[in-house]
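**Student:** Compact mmCIF, C-alpha atoms and all ligand atoms, file protein.txt:
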```
# COMPACT_ATOMS: atom_id res chain seq x y z
CA MET A 1 -0.62 38.03 9.42
CA LYS A 2 -2.41 41.35 10.00
CA ILE A 3 -3.20 44.53 8.13
CA VAL A 4 -1.45 47.33 10.02
CA ASP A 5 -1.90 50.30 7.67
CA ALA A 6 -4.35 51.35 4.96
CA ARG A 7 -3.72 54.53 2.99
CA VAL A 8 -6.11 56.17 0.53
CA ILE A 9 -4.10 58.11 -2.03
CA VAL A 10 -5.63 60.67 -4.41
CA THR A 11 -3.45 61.88 -7.25
CA CYS A 12 -3.92 63.72 -10.55
CA PRO A 13 -1.08 63.00 -13.01
CA GLY A 14 -3.13 64.47 -15.87
CA ARG A 15 -6.38 62.96 -14.54
CA ASN A 16 -7.63 61.90 -11.10
CA PHE A 17 -6.99 58.47 -9.59
CA VAL A 18 -7.85 57.05 -6.16
CA THR A 19 -5.72 54.20 -4.82
CA LEU A 20 -5.90 52.07 -1.69
CA LYS A 21 -2.59 50.76 -0.34
CA LEU A 22 -2.61 48.12 2.39
CA VAL A 23 0.40 47.19 4.51
CA THR A 24 0.75 43.98 6.56
CA ASP A 25 2.72 43.45 9.76
CA ASP A 26 5.36 41.64 7.64
CA GLY A 27 5.79 44.80 5.56
CA VAL A 28 4.06 43.30 2.51
CA THR A 29 1.95 45.83 0.55
CA GLY A 30 -1.00 45.49 -1.77
CA VAL A 31 -2.67 48.07 -4.02
CA GLY A 32 -6.22 48.47 -5.33
CA ASP A 33 -7.75 50.96 -7.77
CA ALA A 34 -10.68 52.97 -6.33
CA THR A 35 -11.22 55.49 -9.14
CA LEU A 36 -14.81 56.43 -10.05
CA ASN A 37 -14.59 59.05 -12.79
CA GLY A 38 -16.08 62.38 -11.71
CA ARG A 39 -17.01 61.04 -8.25
CA GLU A 40 -13.51 60.31 -6.92
CA LEU A 41 -13.80 61.92 -3.50
CA ALA A 42 -17.02 60.06 -2.68
CA VAL A 43 -15.08 56.78 -2.84
CA GLU A 44 -12.10 58.31 -1.05
CA ALA A 45 -14.36 59.35 1.85
CA TYR A 46 -16.18 55.98 1.86
CA LEU A 47 -12.88 54.16 2.20
CA ARG A 48 -11.36 56.56 4.71
CA GLU A 49 -14.40 56.90 6.95
CA HIS A 50 -16.11 53.52 6.71
CA VAL A 51 -13.67 50.88 5.50
CA VAL A 52 -10.13 51.64 6.66
CA PRO A 53 -10.96 51.54 10.41
CA ALA A 54 -12.45 48.04 9.98
CA LEU A 55 -9.46 46.77 7.99
CA ILE A 56 -6.79 47.47 10.59
CA GLY A 57 -5.99 44.25 12.42
CA ARG A 58 -7.78 41.96 9.89
CA ASP A 59 -6.12 38.90 8.35
CA PRO A 60 -5.28 39.85 4.73
CA ALA A 61 -5.45 36.17 3.69
CA ARG A 62 -9.25 36.13 4.16
CA ILE A 63 -10.22 37.64 0.81
CA GLU A 64 -13.70 36.11 0.49
CA ASP A 65 -14.60 36.78 4.10
CA THR A 66 -13.51 40.41 3.82
CA TRP A 67 -15.56 40.81 0.63
CA GLN A 68 -18.67 39.44 2.37
CA TYR A 69 -17.96 41.55 5.43
CA LEU A 70 -17.86 44.78 3.39
CA TYR A 71 -20.82 43.83 1.16
CA LYS A 72 -23.24 42.38 3.70
CA GLY A 73 -21.87 44.51 6.50
CA ALA A 74 -22.74 47.80 4.79
CA TYR A 75 -26.43 46.80 4.83
CA TRP A 76 -26.83 49.29 1.90
CA ARG A 77 -25.85 46.89 -0.85
CA ARG A 78 -24.40 47.59 -4.29
CA GLY A 79 -24.10 50.98 -5.96
CA PRO A 80 -21.01 52.35 -7.74
CA VAL A 81 -19.43 54.02 -4.71
CA THR A 82 -19.74 51.03 -2.37
CA MET A 83 -18.72 48.49 -5.00
CA THR A 84 -15.70 50.55 -6.10
CA ALA A 85 -14.56 50.79 -2.47
CA ILE A 86 -14.99 47.01 -2.02
CA ALA A 87 -13.11 46.45 -5.29
CA ALA A 88 -10.14 48.43 -4.02
CA VAL A 89 -9.85 46.30 -0.89
CA ASP A 90 -10.36 43.05 -2.79
CA THR A 91 -7.76 43.92 -5.45
CA ALA A 92 -5.19 44.88 -2.80
CA LEU A 93 -5.80 41.59 -0.94
CA TRP A 94 -5.23 39.53 -4.12
CA ASP A 95 -1.99 41.49 -4.63
CA ILE A 96 -0.92 40.63 -1.09
CA LYS A 97 -1.89 36.96 -1.48
CA GLY A 98 0.19 36.70 -4.64
CA LYS A 99 3.19 38.24 -2.91
CA TYR A 100 2.92 35.84 0.05
CA ALA A 101 2.57 32.90 -2.36
CA GLY A 102 5.41 34.14 -4.57
CA LEU A 103 3.10 33.84 -7.62
CA PRO A 104 1.53 36.23 -10.14
CA VAL A 105 -2.19 36.53 -9.43
CA TYR A 106 -3.23 34.72 -12.64
CA GLN A 107 -1.59 31.58 -11.23
CA LEU A 108 -3.83 31.80 -8.17
CA LEU A 109 -6.85 32.07 -10.49
CA GLY A 110 -6.08 28.77 -12.23
CA GLY A 111 -3.15 29.63 -14.49
CA ARG A 112 -3.06 30.84 -18.07
CA SER A 113 -5.79 29.83 -20.53
CA ARG A 114 -4.15 31.64 -23.47
CA ASP A 115 -0.85 33.09 -24.70
CA GLY A 116 -1.85 36.69 -24.10
CA VAL A 117 -4.81 39.04 -23.80
CA THR A 118 -6.19 40.35 -27.11
CA ALA A 119 -6.66 44.08 -26.73
CA TYR A 120 -8.72 46.52 -28.74
CA GLY A 121 -7.54 50.07 -29.30
CA HIS A 122 -9.46 53.25 -30.05
CA ALA A 123 -9.52 54.92 -33.45
CA TYR A 124 -11.11 58.35 -33.35
CA ALA A 125 -11.53 60.65 -36.30
CA ALA A 126 -13.05 64.11 -36.53
CA SER A 127 -14.53 63.33 -39.96
CA LEU A 128 -15.13 60.41 -42.32
CA ASP A 129 -12.09 61.24 -44.43
CA GLU A 130 -9.83 60.93 -41.40
CA VAL A 131 -11.18 57.50 -40.42
CA PRO A 132 -8.86 55.35 -42.58
CA ALA A 133 -5.69 57.02 -41.21
CA ALA A 134 -6.94 56.67 -37.63
CA VAL A 135 -7.62 52.95 -38.09
CA ALA A 136 -4.35 52.45 -40.00
CA SER A 137 -2.38 53.85 -37.08
CA LEU A 138 -3.89 51.21 -34.75
CA VAL A 139 -3.23 48.46 -37.32
CA ALA A 140 0.38 49.66 -37.54
CA GLN A 141 0.66 49.10 -33.78
CA ASN A 142 -0.54 45.51 -34.39
CA TYR A 143 -3.99 45.83 -32.82
CA ARG A 144 -6.22 43.04 -34.14
CA ALA A 145 -9.37 44.76 -32.91
CA VAL A 146 -10.26 48.45 -33.22
CA ARG A 147 -13.10 50.50 -31.81
CA VAL A 148 -14.06 53.19 -34.33
CA GLN A 149 -15.69 56.50 -33.30
CA CYS A 150 -16.13 59.44 -35.67
CA GLY A 151 -17.35 63.03 -35.44
CA ILE A 152 -20.96 63.36 -36.66
CA PRO A 153 -21.60 66.00 -39.37
CA GLY A 154 -23.64 68.82 -37.85
CA LEU A 155 -22.70 68.10 -34.22
CA SER A 156 -19.98 70.19 -32.60
CA LYS A 157 -18.57 67.47 -30.33
CA THR A 158 -19.01 63.70 -30.37
CA TYR A 159 -18.38 61.07 -27.69
CA GLY A 160 -15.07 59.28 -28.16
CA VAL A 161 -13.50 61.86 -30.46
CA SER A 162 -10.67 63.86 -28.96
CA ALA A 163 -10.72 67.58 -29.73
CA SER A 164 -6.95 67.87 -29.40
CA GLY A 165 -6.12 64.76 -31.44
CA GLY A 166 -4.57 63.34 -28.27
CA SER A 167 -6.11 60.64 -26.12
CA TYR A 168 -9.79 61.13 -25.29
CA GLU A 169 -10.52 62.39 -21.74
CA PRO A 170 -14.16 63.42 -21.39
CA ALA A 171 -14.03 64.65 -17.75
CA ASP A 172 -12.90 68.13 -18.70
CA SER A 173 -14.28 70.65 -16.18
CA ALA A 174 -15.42 70.92 -12.56
CA VAL A 175 -18.98 71.74 -13.61
CA PRO A 176 -20.06 69.41 -16.43
CA SER A 177 -19.52 70.79 -19.92
CA VAL A 178 -22.44 70.50 -22.35
CA GLU A 179 -22.34 68.41 -25.51
CA SER A 180 -25.06 68.06 -28.13
CA TRP A 181 -26.76 65.07 -29.70
CA SER A 182 -28.94 64.19 -32.64
CA THR A 183 -30.09 60.61 -33.05
CA SER A 184 -31.20 61.11 -36.65
CA ARG A 185 -27.83 62.54 -37.74
CA TYR A 186 -26.04 59.73 -35.91
CA LEU A 187 -28.13 56.87 -37.34
CA ALA A 188 -27.75 58.16 -40.87
CA PHE A 189 -23.99 58.56 -40.58
CA VAL A 190 -22.53 55.61 -38.63
CA PRO A 191 -23.06 52.93 -41.33
CA THR A 192 -21.02 55.03 -43.79
CA VAL A 193 -18.10 54.94 -41.35
CA PHE A 194 -18.06 51.14 -41.16
CA GLU A 195 -18.66 50.76 -44.89
CA ARG A 196 -15.48 52.77 -45.41
CA VAL A 197 -13.45 50.84 -42.81
CA ARG A 198 -14.49 47.40 -44.10
CA SER A 199 -13.80 48.32 -47.70
CA GLU A 200 -10.31 49.64 -46.85
CA PHE A 201 -9.21 47.09 -44.23
CA GLY A 202 -10.89 43.85 -45.36
CA PRO A 203 -12.71 41.19 -43.36
CA ASP A 204 -10.08 40.18 -40.77
CA LEU A 205 -9.81 43.26 -38.58
CA GLN A 206 -12.22 43.07 -35.64
CA LEU A 207 -14.34 46.23 -35.50
CA LEU A 208 -16.28 47.64 -32.55
CA HIS A 209 -18.40 50.70 -31.92
CA ASP A 210 -19.61 52.39 -28.71
CA VAL A 211 -23.09 53.95 -28.85
CA HIS A 212 -22.63 55.18 -25.28
CA HIS A 213 -26.22 54.67 -24.10
CA ARG A 214 -27.84 57.15 -26.51
CA LEU A 215 -30.54 55.24 -28.38
CA THR A 216 -33.95 53.74 -27.70
CA PRO A 217 -34.30 49.98 -28.24
CA ILE A 218 -35.97 50.29 -31.64
CA GLU A 219 -33.36 52.83 -32.79
CA ALA A 220 -30.62 50.49 -31.62
CA ALA A 221 -32.29 47.60 -33.46
CA ARG A 222 -32.22 49.65 -36.65
CA LEU A 223 -28.57 50.56 -36.15
CA GLY A 224 -27.64 46.94 -35.45
CA ARG A 225 -29.35 45.88 -38.67
CA SER A 226 -27.75 48.59 -40.74
CA LEU A 227 -24.31 47.52 -39.44
CA GLU A 228 -24.79 43.79 -40.16
CA PRO A 229 -23.01 43.94 -43.56
CA TYR A 230 -19.84 45.15 -41.77
CA ALA A 231 -19.74 42.25 -39.27
CA LEU A 232 -18.91 44.13 -36.09
CA THR A 233 -17.42 42.20 -33.18
CA TRP A 234 -19.73 44.21 -30.94
CA LEU A 235 -22.02 47.19 -30.64
CA GLU A 236 -21.50 48.66 -27.15
CA ASP A 237 -24.06 50.14 -24.77
CA PRO A 238 -26.73 50.71 -27.44
CA VAL A 239 -29.32 51.77 -24.84
CA PRO A 240 -29.16 52.91 -21.20
CA ALA A 241 -29.24 49.57 -19.41
CA GLU A 242 -31.48 50.36 -16.45
CA LEU A 243 -34.31 49.00 -18.61
CA GLN A 244 -32.83 45.64 -19.47
CA ASP A 245 -35.89 44.48 -21.39
CA GLY A 246 -34.73 46.84 -24.11
CA TYR A 247 -32.16 44.21 -25.02
CA ARG A 248 -34.91 41.68 -25.78
CA LEU A 249 -36.28 44.04 -28.36
CA ILE A 250 -32.88 44.78 -29.94
CA ARG A 251 -32.01 41.09 -29.94
CA SER A 252 -35.17 40.12 -31.79
CA HIS A 253 -34.18 42.34 -34.73
CA THR A 254 -30.45 42.07 -35.28
CA THR A 255 -27.53 39.63 -35.29
CA THR A 256 -24.98 42.38 -34.53
CA PRO A 257 -23.38 41.21 -31.26
CA LEU A 258 -24.07 43.33 -28.19
CA ALA A 259 -21.75 44.36 -25.35
CA VAL A 260 -22.75 46.05 -22.12
CA GLY A 261 -21.56 46.46 -18.55
CA GLU A 262 -19.09 49.30 -17.97
CA VAL A 263 -21.50 51.11 -15.65
CA PHE A 264 -22.69 47.94 -13.91
CA ASN A 265 -21.39 47.27 -10.43
CA SER A 266 -22.68 43.82 -9.53
CA ILE A 267 -23.80 40.47 -10.89
CA TRP A 268 -27.37 41.53 -10.16
CA ASP A 269 -27.13 44.20 -12.88
CA CYS A 270 -26.38 41.65 -15.59
CA ALA A 271 -27.72 38.28 -14.37
CA ASP A 272 -30.86 38.46 -16.52
CA LEU A 273 -29.01 39.79 -19.57
CA ILE A 274 -26.59 36.87 -19.28
CA GLN A 275 -29.03 34.11 -18.39
CA SER A 276 -31.46 35.11 -21.15
CA GLN A 277 -28.55 35.31 -23.63
CA LEU A 278 -29.47 38.88 -24.54
CA ILE A 279 -25.84 40.00 -24.79
CA ASP A 280 -22.64 38.55 -26.21
CA TYR A 281 -20.01 40.35 -24.13
CA VAL A 282 -20.14 41.54 -20.53
CA ARG A 283 -17.92 44.58 -20.01
CA CYS A 284 -17.80 45.00 -16.22
CA SER A 285 -14.43 45.99 -14.76
CA VAL A 286 -12.42 44.98 -11.71
CA VAL A 287 -12.63 48.48 -10.19
CA HIS A 288 -16.36 49.13 -10.66
CA ALA A 289 -17.73 45.61 -10.13
CA GLY A 290 -16.44 44.59 -6.73
CA GLY A 291 -12.89 43.53 -7.51
CA ILE A 292 -11.36 40.31 -8.81
CA THR A 293 -13.53 38.16 -6.53
CA HIS A 294 -16.85 39.52 -7.79
CA LEU A 295 -15.87 39.98 -11.43
CA ARG A 296 -14.76 36.34 -11.51
CA ARG A 297 -18.26 35.42 -10.33
CA ILE A 298 -19.83 37.47 -13.16
CA PHE A 299 -17.55 35.91 -15.78
CA ASP A 300 -18.24 32.39 -14.48
CA LEU A 301 -22.00 32.97 -14.81
CA ALA A 302 -21.38 34.40 -18.29
CA ALA A 303 -19.38 31.32 -19.31
CA LEU A 304 -22.41 29.09 -18.68
CA HIS A 305 -24.45 31.17 -21.13
CA HIS A 306 -22.02 31.65 -24.05
CA VAL A 307 -21.26 35.21 -23.00
CA ARG A 308 -17.64 36.37 -23.14
CA SER A 309 -15.75 39.06 -21.23
CA GLY A 310 -14.88 42.44 -22.71
CA SER A 311 -13.64 44.43 -19.75
CA HIS A 312 -13.78 48.19 -19.75
CA GLY A 313 -10.26 49.63 -19.85
CA ALA A 314 -10.53 53.38 -20.48
CA THR A 315 -7.88 55.70 -19.05
CA ASP A 316 -10.03 56.59 -16.03
CA LEU A 317 -9.37 53.04 -14.79
CA SER A 318 -5.88 53.18 -13.30
CA PRO A 319 -2.92 50.97 -14.23
CA ILE A 320 -3.72 49.01 -11.06
CA CYS A 321 -7.12 48.08 -12.49
CA MET A 322 -5.49 47.19 -15.82
CA ALA A 323 -2.93 44.97 -14.08
CA ALA A 324 -5.70 43.16 -12.17
CA ALA A 325 -7.87 42.82 -15.30
CA LEU A 326 -5.02 41.18 -17.21
CA HIS A 327 -4.54 38.44 -14.60
CA LEU A 328 -8.26 37.63 -14.80
CA ASP A 329 -8.34 37.90 -18.62
CA LEU A 330 -5.47 35.44 -18.90
CA ALA A 331 -7.07 32.87 -16.60
CA ILE A 332 -10.79 32.72 -17.44
CA PRO A 333 -12.08 30.30 -20.10
CA ASN A 334 -14.51 32.80 -21.70
CA PHE A 335 -12.27 35.78 -22.32
CA GLY A 336 -13.38 37.92 -25.29
CA LEU A 337 -11.45 41.19 -25.59
CA GLN A 338 -9.81 43.71 -23.28
CA GLU A 339 -10.20 47.45 -23.92
CA HIS A 340 -6.82 49.19 -23.98
CA MET A 341 -6.33 52.95 -23.90
CA PRO A 342 -2.69 53.56 -23.02
CA HIS A 343 -2.16 55.92 -20.07
CA THR A 344 0.01 59.02 -20.33
CA ALA A 345 3.72 58.76 -19.49
CA GLU A 346 3.04 60.79 -16.31
CA THR A 347 0.44 58.25 -15.14
CA ASP A 348 2.73 55.33 -16.01
CA ARG A 349 5.46 56.89 -13.84
CA VAL A 350 3.12 57.27 -10.86
CA PHE A 351 2.01 53.63 -11.24
CA PRO A 352 5.13 51.61 -12.16
CA HIS A 353 3.99 48.30 -13.66
CA GLY A 354 5.26 45.19 -15.37
CA TYR A 355 2.43 44.50 -17.85
CA HIS A 356 3.15 45.22 -21.49
CA PHE A 357 1.60 45.30 -24.97
CA ALA A 358 3.25 43.37 -27.82
CA ASP A 359 1.91 42.10 -31.15
CA GLY A 360 -1.70 42.99 -30.37
CA LEU A 361 -1.63 41.19 -27.02
CA LEU A 362 -1.36 42.48 -23.47
CA HIS A 363 0.66 40.42 -21.01
CA PRO A 364 0.44 40.68 -17.23
CA SER A 365 3.56 40.96 -15.14
CA GLU A 366 5.23 37.71 -14.03
CA GLU A 367 6.15 39.25 -10.65
CA PRO A 368 4.41 37.92 -7.51
CA GLY A 369 1.07 39.67 -6.94
CA LEU A 370 -0.35 42.07 -9.50
CA GLY A 371 3.00 43.49 -10.61
CA VAL A 372 1.99 47.13 -10.17
CA ASP A 373 2.61 49.76 -7.48
CA ILE A 374 2.06 53.43 -6.71
CA ASP A 375 5.00 55.80 -6.25
CA GLU A 376 3.55 57.72 -3.30
CA GLU A 377 6.14 60.51 -3.36
CA LEU A 378 5.55 61.21 -7.02
CA ALA A 379 1.76 60.88 -6.56
CA ALA A 380 1.86 63.60 -3.88
CA ARG A 381 3.21 66.05 -6.45
CA TYR A 382 -0.05 65.90 -8.43
CA PRO A 383 -2.92 67.29 -6.30
CA TYR A 384 -6.58 66.43 -7.02
CA ARG A 385 -8.39 68.61 -9.55
CA PRO A 386 -12.21 68.50 -9.68
CA ALA A 387 -13.33 67.14 -13.08
CA SER A 388 -16.82 65.97 -14.07
CA LEU A 389 -18.09 64.02 -17.04
CA PRO A 390 -20.11 66.08 -19.56
CA VAL A 391 -23.87 66.24 -20.00
CA ASN A 392 -25.65 65.93 -23.32
CA ARG A 393 -28.52 67.96 -24.75
CA LEU A 394 -30.64 67.42 -27.85
CA GLU A 395 -30.74 70.17 -30.44
CA ASP A 396 -33.92 71.55 -28.78
CA GLY A 397 -32.19 71.70 -25.38
CA THR A 398 -33.64 68.52 -23.82
CA LEU A 399 -31.24 66.71 -21.51
CA HIS A 400 -30.23 63.35 -23.04
CA SER A 401 -28.01 60.47 -21.82
CA TRP A 402 -24.31 61.20 -22.25
O1 LIG B 1 -17.00 57.01 -21.27
O2 LIG B 1 -14.71 55.48 -19.01
O3 LIG B 1 -15.83 52.21 -23.48
N1 LIG B 1 -15.42 53.17 -22.89
C1 LIG B 1 -16.16 54.18 -22.47
C2 LIG B 1 -15.43 55.23 -21.66
C3 LIG B 1 -16.34 55.95 -20.66
C4 LIG B 1 -15.51 56.50 -19.53
C5 LIG B 1 -16.40 57.12 -18.45
O4 LIG B 1 -15.67 57.36 -17.30
O5 LIG B 1 -17.35 54.23 -22.71
O6 LIG B 1 -14.82 56.13 -22.52
CO CO B 2 -18.08 52.36 -23.44
```
Mind converting the file's structure to structure tokens?
Ligand code: EZ4
Ligand code: CO

**Tutor:**
Amino acid sequence: MKIVDARVIVTCPGRNFVTLKLVTDDGVTGVGDATLNGRELAVEAYLREHVVPALIGRDPARIEDTWQYLYKGAYWRRGPVTMTAIAAVDTALWDIKGKYAGLPVYQLLGGRSRDGVTAYGHAYAASLDEVPAAVASLVAQNYRAVRVQCGIPGLSKTYGVSASGGSYEPADSAVPSVESWSTSRYLAFVPTVFERVRSEFGPDLQLLHDVHHRLTPIEAARLGRSLEPYALTWLEDPVPAELQDGYRLIRSHTTTPLAVGEVFNSIWDCADLIQSQLIDYVRCSVVHAGGITHLRRIFDLAALHHVRSGSHGATDLSPICMAAALHLDLAIPNFGLQEHMPHTAETDRVFPHGYHFADGLLHPSEEPGLGVDIDEELAARYPYRPASLPVNRLEDGTLHSW
């Protein structure tokens, strides 16, 4: 068994995606997501120049060895570009292993631990009065967990709120667009949103909120406290997580559960947060945290410390990443929630897949492997379009975290 071809495919069916497709000498194929929002071509070049030549001729059955080869062999360890490239290879190799075994990947990971994968959807409203309808529409689709984001009075544009009313895609121009931020307006307003949602939807609906790295630890502590009456399932990315000690401070002031990890790319980014029990959910993804092999390692460490998974699943993670995430979500003992932002119909056509959403749960495909593919002919009809994530400035012009 040998890898005889490795293709890096860039396509833009509404937004950019990078995909690695491996082919073995038996004609078996495997796919891996390699999309890093706003930095797509860096990963494409990394794969094309530095990884593909070393893959040709390798035994696709040696998943762990290939992971170690790409990680240790780069010398320059970790980082989003490297780890996304490794993830793509790793994901494609699990796909191939499943196809050779004739089993869906979750069976190779130990089999199902649950009936399905509880997914949370996104409710976004331009103003407080539109919040109940936005949440009601998710409830009508049978979501049991809803992330709620709302426009902030006095700010022209807010993270997580779509201007068009359609699905939220922040990477909107080649040169980053500029958004504005006010911590005081935000902190005063957010509790009113959750007061409204709890009073209209009762205690059962799981509620989440994404701060998107915009607060200091003491501000986040105050927000966590002010949200305690509304019993959130989690408060996401309250502070930029380079300074992980910030979580100690937040933790000492509030019982609102904390979730972090979408920008992390290795176990070394979250080992202390997990081992010190400073977080409740770890949100790393297959595509940005070194593939199924490495994410499994993170979740296993988390399981020892009462931390559950909450994998990132925004639309800039391709259907291949979603397919891979669902196999892992189904198998691990400490699954928490899976983020679910449905892709556009165009994207779904480029990435035909067998996973589906029903009754609030996502279910992976039962086909051998991951149960997802890329239609290369269709993909070629959607050329790459440069698109960057926005930047954020305070009302006095100071650059702030986005
Ligand atoms: O802003 O995936 O929880 N989801 C998020 C996302 C991120 C994008 C960045 O590429 O925070 O919306
Ligand atoms: Co987030």

**Student:** Would you mind reading off the distance between CA of Arg248 in chain A and CA of Asp272 in chain A, one decimal, in Å?

**Tutor:**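 Separation of CA of Arg248 in chain A and CA of Asp272 in chain A: 10.6 Å.
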
**Student:** As a tab-separated table (two decimals) with C-alpha atoms, keeping the file's coordinate frame, please: the residues near range 268-271 of chain A (cut-off 12 Å, all atoms listed in the file, same-chain neighbours under 4 positions excluded).

**Tutor:**
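Saved file selection-v5.tsv follows:
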```tsv
chain	number	residue	atom	x	y	z
A	77	ARG	CA	-25.85	46.89	-0.85
A	78	ARG	CA	-24.40	47.59	-4.29
A	79	GLY	CA	-24.10	50.98	-5.96
A	80	PRO	CA	-21.01	52.35	-7.74
A	241	ALA	CA	-29.24	49.57	-19.41
A	242	GLU	CA	-31.48	50.36	-16.45
A	243	LEU	CA	-34.31	49.00	-18.61
A	244	GLN	CA	-32.83	45.64	-19.47
A	245	ASP	CA	-35.89	44.48	-21.39
A	247	TYR	CA	-32.16	44.21	-25.02
A	259	ALA	CA	-21.75	44.36	-25.35
A	260	VAL	CA	-22.75	46.05	-22.12
A	261	GLY	CA	-21.56	46.46	-18.55
A	262	GLU	CA	-19.09	49.30	-17.97
A	263	VAL	CA	-21.50	51.11	-15.65
A	264	PHE	CA	-22.69	47.94	-13.91
A	275	GLN	CA	-29.03	34.11	-18.39
A	276	SER	CA	-31.46	35.11	-21.15
A	277	GLN	CA	-28.55	35.31	-23.63
A	278	LEU	CA	-29.47	38.88	-24.54
A	279	ILE	CA	-25.84	40.00	-24.79
A	280	ASP	CA	-22.64	38.55	-26.21
A	281	TYR	CA	-20.01	40.35	-24.13
A	282	VAL	CA	-20.14	41.54	-20.53
A	283	ARG	CA	-17.92	44.58	-20.01
A	284	CYS	CA	-17.80	45.00	-16.22
A	289	ALA	CA	-17.73	45.61	-10.13
A	290	GLY	CA	-16.44	44.59	-6.73
A	294	HIS	CA	-16.85	39.52	-7.79
A	295	LEU	CA	-15.87	39.98	-11.43
A	297	ARG	CA	-18.26	35.42	-10.33
A	298	ILE	CA	-19.83	37.47	-13.16
A	299	PHE	CA	-17.55	35.91	-15.78
A	300	ASP	CA	-18.24	32.39	-14.48
A	301	LEU	CA	-22.00	32.97	-14.81
A	302	ALA	CA	-21.38	34.40	-18.29
A	303	ALA	CA	-19.38	31.32	-19.31
A	304	LEU	CA	-22.41	29.09	-18.68
A	305	HIS	CA	-24.45	31.17	-21.13
A	307	VAL	CA	-21.26	35.21	-23.00
```

**Student:** Quick one: distance from CA of Val81 in chain A to CA of Asp25 in chain A in Å, one decimal?

**Tutor:**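 Taking CA of Val81 in chain A as the start and CA of Asp25 in chain A as the end point, the length is 28.5 Å.
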
**Student:** Return as CSV the residues of chain A lying at most 10 Å from ligand CO 2 (chain B), together with the closest atom-to-atom pair for each and the distance in Å to one decimal, counting all atoms listed in the file, with rows in chain order and ascending residue number.

**Tutor:**
```
residue,atom,partner,partner_atom,distance
A:Arg147,CA,B:CO2,CO,9.9
A:Tyr159,CA,B:CO2,CO,9.7
A:Gly160,CA,B:CO2,CO,8.9
A:His209,CA,B:CO2,CO,8.6
A:Asp210,CA,B:CO2,CO,5.5
A:Val211,CA,B:CO2,CO,7.5
A:His212,CA,B:CO2,CO,5.7
A:His213,CA,B:CO2,CO,8.5
A:Leu235,CA,B:CO2,CO,9.7
A:Glu236,CA,B:CO2,CO,6.3
A:Asp237,CA,B:CO2,CO,6.5
A:Pro238,CA,B:CO2,CO,9.7
A:Ala259,CA,B:CO2,CO,9.0
A:Val260,CA,B:CO2,CO,8.0
A:Gly261,CA,B:CO2,CO,8.4
A:Glu262,CA,B:CO2,CO,6.3
A:Val263,CA,B:CO2,CO,8.6
A:Arg283,CA,B:CO2,CO,8.5
A:Ser311,CA,B:CO2,CO,9.8
A:His312,CA,B:CO2,CO,7.0
A:Gly313,CA,B:CO2,CO,9.0
A:Ala314,CA,B:CO2,CO,8.2
A:Glu339,CA,B:CO2,CO,9.3
```

**Student:** Could you please give me, as a PyMOL selection string, the residues of protein, DNA or RNA lying at most 12 Å from (-1.5, 31.2, -9.9) in the coordinate frame of the file, considering all atoms listed in the file?

**Tutor:** chain A and resi 94-95+97-113+327-328+330-331+366-370

**Student:** As an MDAnalysis selection string, please: the residues near range 135-144 of chain A (cut-off 10 Å, all atoms listed in the file, same-chain neighbours under 4 positions excluded).

**Tutor:** chainID A and resid 118:125 130:131 148 197 200:201 204:207 340 357:361

**Student:** So which one's closest to Thr24 in chain A, A:His253, A:His400, A:Lys2, A:Arg62? Using all atoms listed in the file, please.

**Tutor:**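 So, comparing all the options, the nearest one is A:Lys2.
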
**Student:** From the list A:Gly38, A:Pro342, A:Pro386, A:Gly246, which residue is nearest ligand LIG 1 (chain B) when using all atoms listed in the file?

**Tutor:**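 Distance minimum relative to ligand LIG 1 (chain B) lands on A:Gly38.
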
**Student:** Go through A:Leu362, A:Ala42, A:Leu93, A:Cys12 one by one, measure the shortest atom-to-atom distance of each to Asp65 in chain A using all atoms listed in the file, and give the residue with the smallest value.

**Tutor:**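 Closest candidate: A:Leu93.
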
**Student:** Show me the residues around (-3.7, 53.3, -18.3) - criterion: an atom at most 10 Å away, all atoms listed in the file counted - as a list of chain:residue names.

**Tutor:**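 Those residues, ordered by chain and then number, are A:Gly313, A:Ala314, A:Thr315, A:Asp316, A:Leu317, A:Ser318, A:Pro319, A:Ile320, A:Cys321, A:Met322, A:Ala323, A:His340, A:Met341, A:Pro342, A:His343, A:Thr344, A:Ala345, A:Thr347, A:Asp348, A:Phe351.
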
**Student:** Which centre and edge lengths in Å to one decimal define the box along x, y and z that fits every listed atom of range 173-189 of chain A plus 6 Å per side, as lines of an AutoDock Vina configuration file?

**Tutor:**
```
center_x = -22.7
center_y = 64.3
center_z = -26.7
size_x = 28.9
size_y = 26.9
size_z = 40.3
```

**Student:** Using only C-alpha atoms, which residue out of A:Ile152, A:Ile96, A:Val146, A:Ala74 lies closest to Gly371 in chain A?

**Tutor:**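 Result for the nearest residue to Gly371 in chain A: A:Ile96.
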
**Student:** Looking at all atoms listed in the file, which of A:Ala324, A:Val161, A:Val175, A:Val372 is the one that sits closest to Ser388 in chain A?

**Tutor:**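 Selected residue with least distance to Ser388 in chain A: A:Val175.
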
**Student:** Pick out the closest residue to ligand LIG 1 (chain B) from this set: A:Ala85, A:Val190, A:Ala387, A:Leu41. Count all atoms listed in the file.

**Tutor:**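 When distances to ligand LIG 1 (chain B) are compared using all atoms listed in the file, the smallest one comes from A:Ala387.
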
**Student:** In Å, rounded to a single decimal, give me how far CA of Leu36 in chain A is from CA of Arg349 in chain A.

**Tutor:**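 Going from CA of Arg349 in chain A over to CA of Leu36 in chain A, I get 20.6 Å.
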